[in-house]
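A.B. asks: My structure is in query_24.cif, and what it holds is mmCIF, C-alpha atoms and all ligand atoms:
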data_data
loop_
_atom_site.label_atom_id
_atom_site.label_comp_id
_atom_site.auth_asym_id
_atom_site.auth_seq_id
_atom_site.Cartn_x
_atom_site.Cartn_y
_atom_site.Cartn_z
CA MET A 227 122.66 105.69 98.45
CA LYS A 228 120.17 105.90 95.60
CA PRO A 229 121.06 105.13 91.98
CA ALA A 230 121.47 107.96 89.48
CA ALA A 231 118.79 108.08 86.77
CA PHE A 232 118.80 105.59 83.91
CA ASP A 233 116.45 104.29 81.23
CA PHE A 234 115.30 100.71 81.76
CA VAL A 235 114.91 98.41 78.77
CA ARG A 236 113.03 95.14 79.17
CA ALA A 237 114.55 93.08 76.38
CA GLU A 238 112.12 90.62 74.83
CA THR A 239 114.67 89.05 72.50
CA LEU A 240 118.43 88.60 72.66
CA GLU A 241 118.71 90.77 69.52
CA GLU A 242 117.01 93.66 71.33
CA ALA A 243 119.42 93.39 74.22
CA LEU A 244 122.43 93.30 71.89
CA GLU A 245 121.04 96.15 69.80
CA THR A 246 120.75 98.32 72.91
CA LEU A 247 124.33 97.50 73.90
CA ALA A 248 125.51 98.26 70.35
CA SER A 249 123.85 101.67 70.25
CA HIS A 250 124.87 102.80 73.76
CA GLY A 251 128.28 101.20 74.15
CA GLY A 252 129.78 101.78 77.59
CA ASP A 253 126.73 103.75 78.77
CA ALA A 254 124.56 100.64 78.83
CA ARG A 255 124.80 97.80 81.34
CA VAL A 256 123.10 94.44 81.41
CA ILE A 257 121.07 93.75 84.55
CA ALA A 258 120.23 90.17 85.45
CA GLY A 259 120.06 89.33 89.17
CA GLY A 260 121.46 92.73 90.10
CA GLN A 261 123.32 91.49 93.18
CA SER A 262 126.64 92.97 92.09
CA LEU A 263 125.30 95.80 89.95
CA LEU A 264 122.78 97.31 92.39
CA PRO A 265 125.36 97.98 95.14
CA MET A 266 127.49 99.72 92.49
CA LEU A 267 124.48 101.77 91.34
CA ASN A 268 123.38 102.60 94.89
CA MET A 269 126.86 103.81 95.77
CA ARG A 270 127.09 105.53 92.38
CA LEU A 271 130.28 103.71 91.54
CA ALA A 272 128.47 102.98 88.27
CA LYS A 273 126.19 105.47 86.52
CA PRO A 274 124.97 103.83 83.33
CA ALA A 275 122.50 105.73 81.13
CA VAL A 276 120.62 102.55 80.23
CA LEU A 277 120.01 99.22 81.95
CA VAL A 278 119.04 96.23 79.84
CA ASP A 279 117.05 93.62 81.74
CA ILE A 280 117.67 90.16 80.26
CA MET A 281 115.68 88.08 82.75
CA GLY A 282 112.70 87.98 80.41
CA LEU A 283 114.62 85.89 77.85
CA PRO A 284 113.65 82.23 78.33
CA ALA A 285 116.58 81.00 76.21
CA LEU A 286 118.99 82.33 78.83
CA ARG A 287 117.32 80.52 81.73
CA ALA A 288 118.18 76.86 81.11
CA ILE A 289 121.40 75.10 82.22
CA ARG A 290 122.55 72.53 79.69
CA ARG A 291 125.20 69.90 79.20
CA GLU A 292 127.29 70.26 76.04
CA GLY A 293 129.68 67.34 75.79
CA ASP A 294 132.21 67.79 78.56
CA ALA A 295 130.94 71.17 79.70
CA ILE A 296 128.18 72.49 81.93
CA VAL A 297 126.90 75.54 80.08
CA VAL A 298 125.26 78.15 82.29
CA PRO A 299 123.51 80.95 80.37
CA ALA A 300 123.26 84.52 81.60
CA GLY A 301 119.80 84.24 83.17
CA VAL A 302 120.61 81.35 85.52
CA ARG A 303 120.64 82.26 89.17
CA GLN A 304 123.35 80.91 91.48
CA ALA A 305 120.82 79.01 93.59
CA GLU A 306 119.42 77.39 90.44
CA LEU A 307 122.85 76.06 89.48
CA LEU A 308 123.39 74.82 93.03
CA ALA A 309 120.06 72.97 92.94
CA SER A 310 120.52 71.60 89.41
CA ALA A 311 121.20 68.00 88.46
CA GLU A 312 124.04 69.12 86.19
CA ILE A 313 126.21 70.35 89.05
CA ALA A 314 126.86 66.76 90.16
CA ALA A 315 129.20 66.47 87.17
CA GLN A 316 131.61 69.04 88.65
CA PRO A 317 132.39 68.56 92.36
CA LEU A 318 134.42 71.78 92.57
CA LEU A 319 131.36 73.86 91.70
CA ALA A 320 129.23 71.92 94.15
CA ALA A 321 131.79 72.60 96.89
CA ALA A 322 132.36 76.28 96.11
CA LEU A 323 128.86 77.56 95.36
CA PRO A 324 127.52 77.38 98.95
CA PHE A 325 130.22 79.94 99.82
CA LEU A 326 129.07 82.38 97.16
CA GLY A 327 127.39 85.26 98.94
CA HIS A 328 124.44 84.40 101.16
CA TYR A 329 121.34 82.24 100.80
CA GLN A 330 119.47 85.53 100.28
CA THR A 331 121.73 86.72 97.42
CA ARG A 332 122.27 83.38 95.65
CA SER A 333 118.50 83.24 95.16
CA ARG A 334 118.74 86.35 92.94
CA GLY A 335 122.33 86.70 91.74
CA THR A 336 123.33 85.02 88.49
CA VAL A 337 126.40 82.93 87.72
CA CYS A 338 127.33 85.01 84.68
CA GLY A 339 126.77 88.23 86.61
CA SER A 340 129.43 87.19 89.08
CA ALA A 341 131.81 86.48 86.19
CA ALA A 342 131.04 89.90 84.65
CA HIS A 343 131.64 91.67 87.95
CA ALA A 344 135.09 90.01 88.25
CA ASP A 345 135.68 90.63 91.93
CA PRO A 346 139.20 89.34 92.70
CA SER A 347 137.91 87.25 95.61
CA ALA A 348 134.80 85.79 93.95
CA GLU A 349 134.16 82.06 93.71
CA ILE A 350 132.74 81.85 90.15
CA PRO A 351 135.82 83.44 88.52
CA LEU A 352 138.00 81.17 90.68
CA CYS A 353 136.15 78.04 89.53
CA LEU A 354 136.25 79.14 85.89
CA VAL A 355 140.02 79.69 86.05
CA ALA A 356 140.67 76.57 88.14
CA LEU A 357 138.79 74.34 85.70
CA GLY A 358 139.95 76.03 82.50
CA GLY A 359 136.40 77.12 81.67
CA GLU A 360 135.34 79.63 79.08
CA VAL A 361 133.20 82.73 78.78
CA ARG A 362 130.93 83.04 75.76
CA LEU A 363 130.46 86.59 74.55
CA ARG A 364 128.15 87.95 71.90
CA THR A 365 127.56 91.23 70.10
CA ARG A 366 124.93 92.05 67.52
CA ARG A 367 127.36 90.88 64.83
CA LYS A 368 129.53 88.15 66.24
CA ALA A 369 130.05 85.61 68.98
CA ARG A 370 133.35 84.56 70.51
CA ARG A 371 134.61 82.33 73.27
CA VAL A 372 137.33 83.47 75.65
CA LYS A 373 139.28 81.21 77.98
CA ALA A 374 138.67 82.15 81.61
CA ALA A 375 142.37 82.84 82.17
CA ASP A 376 142.25 85.48 79.39
CA PHE A 377 138.84 86.86 80.37
CA PHE A 378 139.76 88.23 83.79
CA THR A 379 142.24 90.99 83.00
CA GLY A 380 142.41 92.85 86.31
CA MET A 381 140.51 93.87 89.41
CA MET A 382 136.84 94.16 88.32
CA THR A 383 137.96 94.29 84.69
CA THR A 384 137.47 91.76 81.96
CA ALA A 385 138.09 91.25 78.25
CA LYS A 386 134.39 91.93 77.53
CA ALA A 387 133.95 94.84 75.12
CA ASP A 388 131.28 97.48 75.79
CA ASP A 389 128.95 96.18 73.10
CA GLU A 390 129.35 92.56 74.21
CA MET A 391 127.30 90.64 76.70
CA ILE A 392 128.12 87.39 78.43
CA GLU A 393 125.75 84.89 76.89
CA ALA A 394 126.95 81.96 78.99
CA VAL A 395 129.86 80.53 80.89
CA ALA A 396 131.03 76.93 80.46
CA PHE A 397 132.53 74.81 83.25
CA PRO A 398 134.33 71.62 82.21
CA VAL A 399 132.93 68.57 83.98
CA ALA A 400 135.18 66.44 86.23
CA GLN A 401 137.92 64.63 84.33
CA PRO A 402 138.12 60.91 84.95
CA GLY A 403 140.99 60.19 87.35
CA SER A 404 140.90 63.70 88.86
CA ALA A 405 139.69 64.83 92.27
CA TYR A 406 138.75 68.34 93.32
CA ALA A 407 138.66 70.32 96.54
CA PHE A 408 137.78 73.86 97.62
CA LYS A 409 138.30 75.94 100.74
CA GLU A 410 138.05 79.59 101.57
CA TYR A 411 138.88 81.80 104.50
CA SER A 412 136.59 84.69 105.38
CA ARG A 413 135.55 86.43 108.57
CA ARG A 414 132.01 85.08 108.39
CA HIS A 415 130.40 82.54 106.08
CA GLY A 416 129.06 84.47 103.10
CA ASP A 417 131.51 87.35 103.34
CA PHE A 418 133.95 87.96 100.53
CA ALA A 419 136.80 85.49 100.77
CA ILE A 420 140.10 86.83 102.04
CA VAL A 421 141.71 83.89 100.24
CA GLY A 422 140.06 81.03 98.37
CA CYS A 423 141.79 77.91 97.00
CA ALA A 424 140.63 75.32 94.47
CA ALA A 425 142.64 72.21 93.63
CA ARG A 426 142.52 69.46 91.05
CA VAL A 427 144.72 66.45 91.63
CA ALA A 428 145.34 63.69 89.07
CA SER A 429 147.82 60.81 89.09
CA ASP A 430 150.58 62.95 87.60
CA ALA A 431 149.59 66.58 88.18
CA ILE A 432 148.30 69.15 90.61
CA ASP A 433 146.46 72.33 89.57
CA LEU A 434 145.99 74.94 92.26
CA ALA A 435 143.97 78.13 91.72
CA VAL A 436 143.82 80.99 94.21
CA CYS A 437 141.49 83.97 94.52
CA GLY A 438 141.60 87.00 96.80
CA VAL A 439 145.34 87.54 96.54
CA ALA A 440 146.23 88.84 93.06
CA ASP A 441 143.94 91.12 91.03
CA THR A 442 142.53 88.09 89.22
CA PRO A 443 142.25 84.40 90.11
CA GLU A 444 145.55 82.68 89.29
CA ARG A 445 146.28 79.05 88.54
CA ARG A 446 149.54 77.09 88.71
CA SER A 447 150.26 73.52 87.71
CA PHE A 448 152.76 71.36 89.56
CA PRO A 449 153.83 67.75 89.24
CA ARG A 450 152.67 65.46 92.08
CA LEU A 451 154.92 67.00 94.73
CA ALA A 452 154.82 66.17 98.42
CA GLY A 453 156.57 67.10 101.65
CA SER A 454 159.01 69.99 101.55
CA ALA A 455 159.05 70.07 97.75
CA LEU A 456 155.32 70.90 97.84
CA ASP A 457 155.98 73.49 100.57
CA ASP A 458 158.59 75.14 98.36
CA ALA A 459 156.29 75.18 95.34
CA LEU A 460 153.44 76.69 97.40
CA ASN A 461 155.78 79.26 98.89
CA ALA A 462 157.00 80.30 95.44
CA PHE A 463 153.37 80.56 94.23
CA ALA A 464 152.39 82.61 97.29
CA TRP A 465 155.18 85.13 96.67
CA ALA A 466 154.53 85.26 92.91
CA LEU A 467 150.94 86.40 93.53
CA ASP A 468 152.14 89.80 94.74
CA ALA A 469 149.76 89.98 97.69
CA ARG A 470 148.80 93.38 99.07
CA ASP A 471 147.81 94.67 102.47
CA ASP A 472 144.30 95.98 102.85
CA LEU A 473 141.69 96.58 105.52
CA HIS A 474 140.79 92.90 105.71
CA ALA A 475 144.18 91.17 105.81
CA SER A 476 147.90 91.77 105.51
CA ALA A 477 149.90 90.54 102.53
CA ARG A 478 151.71 88.26 104.93
CA LEU A 479 148.49 86.63 106.15
CA ARG A 480 147.42 86.12 102.55
CA ARG A 481 150.71 84.38 101.72
CA ASP A 482 150.33 82.23 104.82
CA LEU A 483 146.83 81.27 103.74
CA VAL A 484 147.99 80.33 100.24
CA ARG A 485 150.63 78.06 101.77
CA ALA A 486 148.38 76.49 104.40
CA MET A 487 145.06 76.31 102.55
CA GLY A 488 146.80 75.42 99.30
CA ARG A 489 148.30 72.40 100.99
CA ALA A 490 144.99 71.57 102.69
CA VAL A 491 142.98 71.54 99.43
CA ILE A 492 145.64 69.52 97.65
CA GLU A 493 145.68 66.98 100.45
CA GLU A 494 141.89 66.83 100.51
CA ALA A 495 141.79 66.20 96.76
CA GLU A 496 144.51 63.55 97.15
CA ARG A 497 142.39 61.79 99.77
CA CYS A 498 139.41 61.82 97.41
CA LEU A 499 141.58 60.37 94.65
CA ALA A 500 142.92 57.56 96.84
CA MET B 1339 110.70 96.40 73.22
CA PRO B 1340 109.49 98.28 76.31
CA ARG B 1341 111.86 101.10 77.16
CA LEU B 1342 111.10 102.97 80.38
CA SER B 1343 112.41 106.51 80.33
CA ALA B 1344 114.58 107.66 83.21
CA THR B 1345 112.57 110.79 83.91
CA ALA B 1346 109.01 109.46 83.71
CA LEU B 1347 106.91 107.58 86.24
CA HIS B 1348 105.91 104.11 85.09
CA ASP B 1349 103.00 102.03 86.24
CA VAL B 1350 104.35 98.80 87.75
CA ARG B 1351 101.79 96.04 88.34
CA PHE B 1352 102.42 92.99 90.45
CA THR B 1353 100.96 90.81 93.18
CA LEU B 1354 101.65 91.98 96.72
CA ASN B 1355 100.88 89.61 99.57
CA GLY B 1356 98.36 87.84 97.39
CA ARG B 1357 96.53 90.92 96.12
CA PRO B 1358 96.96 92.92 92.92
CA ALA B 1359 99.08 96.02 93.48
CA ARG B 1360 100.52 98.87 91.46
CA VAL B 1361 103.04 101.58 92.10
CA ALA B 1362 104.32 104.52 90.09
CA ALA B 1363 108.08 104.30 89.70
CA GLU B 1364 110.99 105.92 87.93
CA PRO B 1365 113.40 103.20 86.78
CA ARG B 1366 115.88 104.17 89.49
CA LEU B 1367 113.40 103.74 92.36
CA LEU B 1368 114.52 100.98 94.73
CA ALA B 1369 111.98 98.34 95.72
CA THR B 1370 112.49 99.32 99.38
CA ASP B 1371 111.35 102.86 98.65
CA ALA B 1372 108.48 101.70 96.46
CA LEU B 1373 107.19 99.52 99.30
CA ARG B 1374 107.76 101.96 102.13
CA HIS B 1375 107.05 105.32 100.50
CA GLY B 1376 104.92 104.39 97.50
CA LEU B 1377 102.72 101.79 99.19
CA GLY B 1378 103.10 102.67 102.88
CA LEU B 1379 104.31 99.19 103.85
CA THR B 1380 106.97 100.13 106.36
CA GLY B 1381 107.46 96.60 107.72
CA THR B 1382 110.33 96.13 105.27
CA HIS B 1383 113.26 97.90 106.93
CA VAL B 1384 116.25 99.62 105.39
CA GLY B 1385 119.61 99.30 107.08
CA CYS B 1386 122.55 99.55 104.73
CA GLU B 1387 121.04 99.98 101.26
CA HIS B 1388 123.77 97.92 99.64
CA GLY B 1389 122.85 94.33 100.32
CA VAL B 1390 124.86 93.67 103.46
CA CYS B 1391 122.48 93.75 106.44
CA GLY B 1392 119.44 91.81 105.22
CA ALA B 1393 116.88 94.04 106.98
CA CYS B 1394 115.07 94.63 103.67
CA THR B 1395 114.70 90.96 102.68
CA ILE B 1396 111.39 90.14 100.96
CA LEU B 1397 110.23 87.27 98.76
CA ILE B 1398 109.96 87.57 94.99
CA ASP B 1399 108.33 84.58 93.33
CA GLY B 1400 108.85 82.67 96.57
CA VAL B 1401 112.60 83.20 96.93
CA PRO B 1402 114.39 85.70 99.17
CA ALA B 1403 115.54 88.98 97.69
CA ARG B 1404 117.25 92.03 99.12
CA ALA B 1405 114.67 94.72 98.34
CA CYS B 1406 117.44 97.34 98.39
CA LEU B 1407 119.15 95.45 95.55
CA THR B 1408 115.94 95.30 93.54
CA LEU B 1409 114.42 97.98 91.35
CA ALA B 1410 110.71 98.64 91.68
CA VAL B 1411 110.36 98.13 87.91
CA GLN B 1412 111.66 94.56 88.40
CA PHE B 1413 108.45 93.83 90.35
CA GLU B 1414 106.47 93.92 87.09
CA GLY B 1415 104.35 90.78 86.89
CA ARG B 1416 106.01 89.16 89.93
CA ASP B 1417 104.64 87.68 93.11
CA VAL B 1418 105.98 89.83 95.96
CA ARG B 1419 105.64 89.05 99.64
CA THR B 1420 106.57 91.23 102.57
CA VAL B 1421 106.40 90.78 106.33
CA GLU B 1422 102.91 92.33 106.32
CA GLY B 1423 101.71 89.17 104.55
CA LEU B 1424 103.04 86.65 107.07
CA ALA B 1425 100.34 86.67 109.75
CA PRO B 1426 97.21 84.68 108.83
CA SER B 1427 94.93 87.39 110.25
CA PRO B 1428 95.34 90.74 112.00
CA ASP B 1429 94.94 89.18 115.45
CA ARG B 1430 97.06 86.04 114.88
CA LEU B 1431 100.78 85.55 114.35
CA SER B 1432 102.21 82.90 112.06
CA VAL B 1433 103.88 79.87 113.66
CA LEU B 1434 107.30 81.39 112.93
CA GLN B 1435 106.37 84.80 114.33
CA GLU B 1436 104.91 83.16 117.44
CA ALA B 1437 108.14 81.21 117.95
CA PHE B 1438 110.16 84.43 117.68
CA ARG B 1439 108.01 85.93 120.41
CA ARG B 1440 108.29 82.90 122.67
CA HIS B 1441 112.07 82.72 122.34
CA HIS B 1442 112.69 86.48 122.65
CA ALA B 1443 114.27 86.28 119.21
CA LEU B 1444 113.78 89.99 118.69
CA HIS B 1445 114.80 92.86 120.87
CA CYS B 1446 114.68 96.14 118.94
CA GLY B 1447 113.12 94.31 115.99
CA PHE B 1448 114.97 96.19 113.28
CA CYS B 1449 116.39 93.05 111.70
CA THR B 1450 113.33 90.89 112.34
CA ALA B 1451 111.20 91.45 109.25
CA GLY B 1452 114.04 90.42 106.96
CA ILE B 1453 114.92 87.35 108.98
CA LEU B 1454 111.29 86.20 109.12
CA MET B 1455 111.02 86.42 105.33
CA SER B 1456 114.27 84.50 104.72
CA VAL B 1457 113.35 81.80 107.18
CA ASP B 1458 109.78 81.55 105.91
CA ALA B 1459 111.10 80.71 102.44
CA PHE B 1460 113.85 78.45 103.81
CA LEU B 1461 111.52 76.28 105.92
CA LYS B 1462 109.25 75.69 102.93
CA THR B 1463 112.09 74.01 101.01
CA THR B 1464 113.94 72.64 104.05
CA PRO B 1465 111.35 71.60 106.66
CA ASP B 1466 113.86 69.69 108.82
CA PRO B 1467 117.06 71.75 108.92
CA ASP B 1468 119.92 71.17 111.33
CA GLU B 1469 121.30 73.99 113.43
CA HIS B 1470 124.28 74.50 111.13
CA LEU B 1471 122.03 75.19 108.12
CA VAL B 1472 119.84 77.54 110.15
CA ARG B 1473 122.93 79.46 111.23
CA GLU B 1474 124.02 79.77 107.61
CA VAL B 1475 120.67 81.20 106.55
CA VAL B 1476 120.41 83.56 109.54
CA GLY B 1477 124.05 84.50 108.79
CA GLY B 1478 122.74 86.44 105.81
CA HIS B 1479 121.34 88.99 108.27
CA LEU B 1480 122.90 91.34 110.78
CA CYS B 1481 121.31 91.54 114.20
CA ARG B 1482 122.97 93.88 116.67
CA CYS B 1483 120.83 92.91 119.66
CA THR B 1484 120.13 89.25 120.17
CA GLY B 1485 123.42 87.43 119.65
CA TYR B 1486 121.50 85.14 117.26
CA SER B 1487 121.09 82.17 119.64
CA ALA B 1488 117.47 82.98 120.40
CA ILE B 1489 116.78 83.41 116.69
CA VAL B 1490 118.26 80.00 115.89
CA ALA B 1491 116.26 78.40 118.71
CA ALA B 1492 113.05 80.04 117.46
CA VAL B 1493 113.64 78.82 113.92
CA LEU B 1494 114.31 75.25 115.02
CA ASP B 1495 111.23 75.32 117.26
CA ALA B 1496 109.04 76.73 114.49
CA ALA B 1497 110.35 74.10 112.08
CA ALA B 1498 109.43 71.33 114.54
CA ILE B 1499 105.92 72.72 115.05
CA LEU B 1500 105.37 73.12 111.30
CA ARG B 1501 106.44 69.49 110.82
CA GLY B 1502 103.91 68.51 113.45
CA ASP B 1503 106.42 67.14 115.98
CA GLY B 1504 107.00 70.25 118.03
CA SER B 1505 106.54 70.90 121.70
CA ASN B 1506 104.16 73.79 120.97
CA VAL B 1507 104.26 75.31 124.44
S1 LIG C 1601 119.01 97.46 103.54
FE1 LIG C 1601 119.01 95.89 102.09
S2 LIG C 1601 120.51 94.55 102.79
FE2 LIG C 1601 120.70 96.24 104.16
S1 LIG C 1602 116.66 92.62 117.32
FE1 LIG C 1602 117.72 94.49 117.20
S2 LIG C 1602 118.92 94.22 115.42
FE2 LIG C 1602 118.06 92.28 115.68
#
Mind turning this structure into structure tokens?

C.D. replies:
Amino acid sequence: MKPAAFDFVRAETLEEALETLASHGGDARVIAGGQSLLPMLNMRLAKPAVLVDIMGLPALRAIRREGDAIVVPAGVRQAELLASAEIAAQPLLAAALPFLGHYQTRSRGTVCGSAAHADPSAEIPLCLVALGGEVRLRTRRKARRVKAADFFTGMMTTAKADDEMIEAVAFPVAQPGSAYAFKEYSRRHGDFAIVGCAARVASDAIDLAVCGVADTPERRSFPRLAGSALDDALNAFAWALDARDDLHASARLRRDLVRAMGRAVIEEAERCLA
Amino acid sequence: MPRLSATALHDVRFTLNGRPARVAAEPRLLATDALRHGLGLTGTHVGCEHGVCGACTILIDGVPARACLTLAVQFEGRDVRTVEGLAPSPDRLSVLQEAFRRHHALHCGFCTAGILMSVDAFLKTTPDPDEHLVREVVGGHLCRCTGYSAIVAAVLDAAAILRGDGSNV
């Protein structure tokens, strides 16, 4: 349970960090809060040759508002986002973040680190997909922005290339006339979610995003359905997610949770809208 | 750009419980091992070594951190606090430690150092927590002995005393 050996680079500029990634490719990993990476290193599920520490870069530490988006750079810890003034502009984030890990890991773990780790049951990827957010990537030579739905490509896999780092993620702020709700089911508060649901309801549309069931968070849009029509839509969504059995829950329980919690978050958002 | 080689020992300098400290570390050395083996501070316990149990929780720059999910080289220039720094003097416990003793909030004590550090930080930012919040914070730790109720009671009692409206028995 000790990491394999690696060099440790304390980047003093973003260019240095990107240069290190460019020259080492897949053998280098960015370390920020380390709350997802260190367990992987300790268990030797990851054995990078080089770690690049980006927490010394002040430009990556400040949350900012850019038009209709809350932009969270790679050095921002989860607890910092939760305590920020900016989070008030997106109620889904404010509702979901207290469920992200524990008090003792949010104080260290970063928002972008959770996106990079891409655990299928994680709250940050769910919120990004639910809100239609984006991930901002950068290499030494170029920067690009990827929609959250295209960024998460599979279980713990993303569209990030080896020489790219996540510079920031952007969460759209609440749309006028929309209401949001979040719920998750886990054995204990702070454990990985078995299923998590995030809803946005507007006068003419419902968006429902689900994590913990498919390999990536998935979002569906429905018209404003109710009653058995909503049940049918949720049932079809639950089956389409191709749930699997594992140690924590059966596929059947996961489908049940999508149906029941999906309805509960939609109804909660509807109540907020009313 | 400082690059610390995997195979060499590096001098890491930081503040430990208010005093300057240094430790020699390879980049892969965990903070738990640096504290326990390098510096002889065995109050920080190691349970799971992958961030689940909370026994190793310390404070870095005033916020809780799993020491087993921290590299010793990440201590560079930081303010680190461990359970050894909680008591005001060798013959006196802190208010929180005293409350743990009064409420029998520790049995074997394996989990205790981590919980004390979490709660110490928590009460500084949240002096008047309700029981639900305390349970959430303590929920970041595994205790196989107490059943948690005594821990929660001790935390609420310590919070009241620190606010100056406690029973202080
Ligand atoms: S030893 Fe660090 S959390 Fe268990
Ligand atoms: S007192 Fe024994 S594990 Fe908590």

A.B. asks: In Å, with one decimal, what is the gap from atom CA of Gln1435 of chain B to atom CA of Ala1459 of chain B?

C.D. replies: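 Taking atom CA of Gln1435 of chain B as the start and atom CA of Ala1459 of chain B as the end point, the length is 13.4 Å.
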
A.B. asks: Let me have all residues with an atom within 8 Å of ligand LIG 1601 (chain C), counting only C-alpha atoms and all ligand atoms, laid out as a short mmCIF file (atom, residue, chain, number, x, y, z; two decimals) with C-alpha atoms, in the coordinates of the input.

C.D. replies:
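So the final result, stored in selection.cif, reads:
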data_model
loop_
_atom_site.label_atom_id
_atom_site.label_comp_id
_atom_site.auth_asym_id
_atom_site.auth_seq_id
_atom_site.Cartn_x
_atom_site.Cartn_y
_atom_site.Cartn_z
CA THR B 1370 112.49 99.32 99.38
CA HIS B 1383 113.26 97.90 106.93
CA VAL B 1384 116.25 99.62 105.39
CA GLY B 1385 119.61 99.30 107.08
CA CYS B 1386 122.55 99.55 104.73
CA GLU B 1387 121.04 99.98 101.26
CA HIS B 1388 123.77 97.92 99.64
CA GLY B 1389 122.85 94.33 100.32
CA VAL B 1390 124.86 93.67 103.46
CA CYS B 1391 122.48 93.75 106.44
CA GLY B 1392 119.44 91.81 105.22
CA ALA B 1393 116.88 94.04 106.98
CA CYS B 1394 115.07 94.63 103.67
CA THR B 1395 114.70 90.96 102.68
CA ARG B 1404 117.25 92.03 99.12
CA ALA B 1405 114.67 94.72 98.34
CA CYS B 1406 117.44 97.34 98.39
CA LEU B 1407 119.15 95.45 95.55
CA HIS B 1479 121.34 88.99 108.27
#

A.B. asks: Could you give me the residues within 7 Å of ligand LIG 1602 (chain C), counting only C-alpha atoms and all ligand atoms, as a list in words?

C.D. replies: Leu1444, His1445, Cys1446, Gly1447, Phe1448, Cys1449, Thr1450, Leu1480, Cys1481, Arg1482, Cys1483 and Thr1484 of chain B

A.B. asks: Go ahead and write the residues just picked, C-alpha atoms, as a PDB file, in the coordinates of the input.

C.D. replies:
ATOM      1  CA  LEU B1444     113.780  89.990 118.690  1.00  0.00           C
ATOM      2  CA  HIS B1445     114.800  92.860 120.870  1.00  0.00           C
ATOM      3  CA  CYS B1446     114.680  96.140 118.940  1.00  0.00           C
ATOM      4  CA  GLY B1447     113.120  94.310 115.990  1.00  0.00           C
ATOM      5  CA  PHE B1448     114.970  96.190 113.280  1.00  0.00           C
ATOM      6  CA  CYS B1449     116.390  93.050 111.700  1.00  0.00           C
ATOM      7  CA  THR B1450     113.330  90.890 112.340  1.00  0.00           C
ATOM      8  CA  LEU B1480     122.900  91.340 110.780  1.00  0.00           C
ATOM      9  CA  CYS B1481     121.310  91.540 114.200  1.00  0.00           C
ATOM     10  CA  ARG B1482     122.970  93.880 116.670  1.00  0.00           C
ATOM     11  CA  CYS B1483     120.830  92.910 119.660  1.00  0.00           C
ATOM     12  CA  THR B1484     120.130  89.250 120.170  1.00  0.00           C
TER      13      THR B1484
END

A.B. asks: Using all atoms listed in the file, which residue out of A:Leu244, A:Gln330, A:Ala285, A:Val256 lies closest to chain B?

C.D. replies: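 The shortest atom-to-atom distance to chain B comes from A:Gln330.
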
A.B. asks: What does the distance from atom CA of Val361 of chain A to atom CA of Ile280 of chain A come to in Å, to one decimal?

C.D. replies: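 Separating atom CA of Val361 of chain A from atom CA of Ile280 of chain A is a distance of 17.3 Å.
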
A.B. asks: May I ask for the distance between atom CA of Pro1365 of chain B and atom CA of Ser1456 of chain B, given in Å to one decimal place?

C.D. replies: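 Atom-to-atom, atom CA of Pro1365 of chain B and atom CA of Ser1456 of chain B are spaced 25.9 Å apart.
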
A.B. asks: Out of A:Ala394, A:Ala400, A:Val235, A:Leu352, which residue has the shortest atom-to-atom distance to Arg370 of chain A when counting all atoms listed in the file?

C.D. replies: A:Ala394

A.B. asks: List the spatial neighbours of Met1455 of chain B as a PyMOL selection string - criterion: any atom at most 9 Å away, all atoms listed in the file, same-chain residues fewer than 4 positions off excluded.

C.D. replies: chain B and resi 1395-1397+1402+1419-1421+1424+1450-1451+1459-1460

A.B. asks: Which residue out of A:Ala500, A:Leu319, A:Ala258, A:Ile392 has the minimum interatomic distance to Val278 of chain A when all atoms listed in the file are used?

C.D. replies: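 For Val278 of chain A, the nearest of the candidates is A:Ala258.
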
A.B. asks: Name the closest residue to Leu247 of chain A among the candidates A:Met391, A:Cys423, A:Ala288, A:Val298; distances are taken between atoms, counting all atoms listed in the file.

C.D. replies: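 That would be A:Met391, the residue with the smallest distance to Leu247 of chain A.
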
A.B. asks: Here is a test: counting only C-alpha atoms, which residue of B:Leu1377, B:Leu1354, B:Leu1431, B:Leu1367 is nearest to chain A?

C.D. replies: B:Leu1367

A.B. asks: Around segment 340-354 of chain A, fit a box with edges along x, y and z, padding it by 8 Å on each side, then list its centre and edge lengths in Å to one decimal as lines of an AutoDock Vina configuration file.

C.D. replies:
center_x = 134.3
center_y = 84.9
center_z = 90.1
size_x = 25.8
size_y = 29.6
size_z = 27.0

A.B. asks: I'd like the contact shell of segment 376-380 of chain A - 8 Å cut-off, all atoms listed in the file, skipping same-chain residues fewer than 6 positions apart - returned as a list in words.

C.D. replies: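 Skipping anything fewer than 6 positions along the chain leaves Ala344, Pro346, Pro351, Val361, Lys386, Asp441, Thr442 and Pro443 of chain A.
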
A.B. asks: Can you tell me, as a ChimeraX atom specification, what residues are no more than 8 Å from segment 432-434 of chain A when counting only C-alpha atoms, ignoring any on the same chain fewer than 5 positions away?

C.D. replies: /A:356,423-427,445-450,488,492

A.B. asks: Given only C-alpha atoms as the basis, pick out the residue of A:Arg470, A:Arg489, A:His343, A:Arg287 nearest to Glu393 of chain A.

C.D. replies: A:Arg287

A.B. asks: Env of Thr1353 of chain B: 10 Å cut, atoms = only C-alpha atoms, seq-sep filter 2 positions within chain, self excluded. Answer as a list in words.

C.D. replies: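 That gives Arg1351, Asn1355, Gly1356, Arg1357, Pro1358, Ala1359, Arg1360, Ile1398, Asp1399, Phe1413, Glu1414, Gly1415, Arg1416, Asp1417, Val1418 and Arg1419 of chain B.
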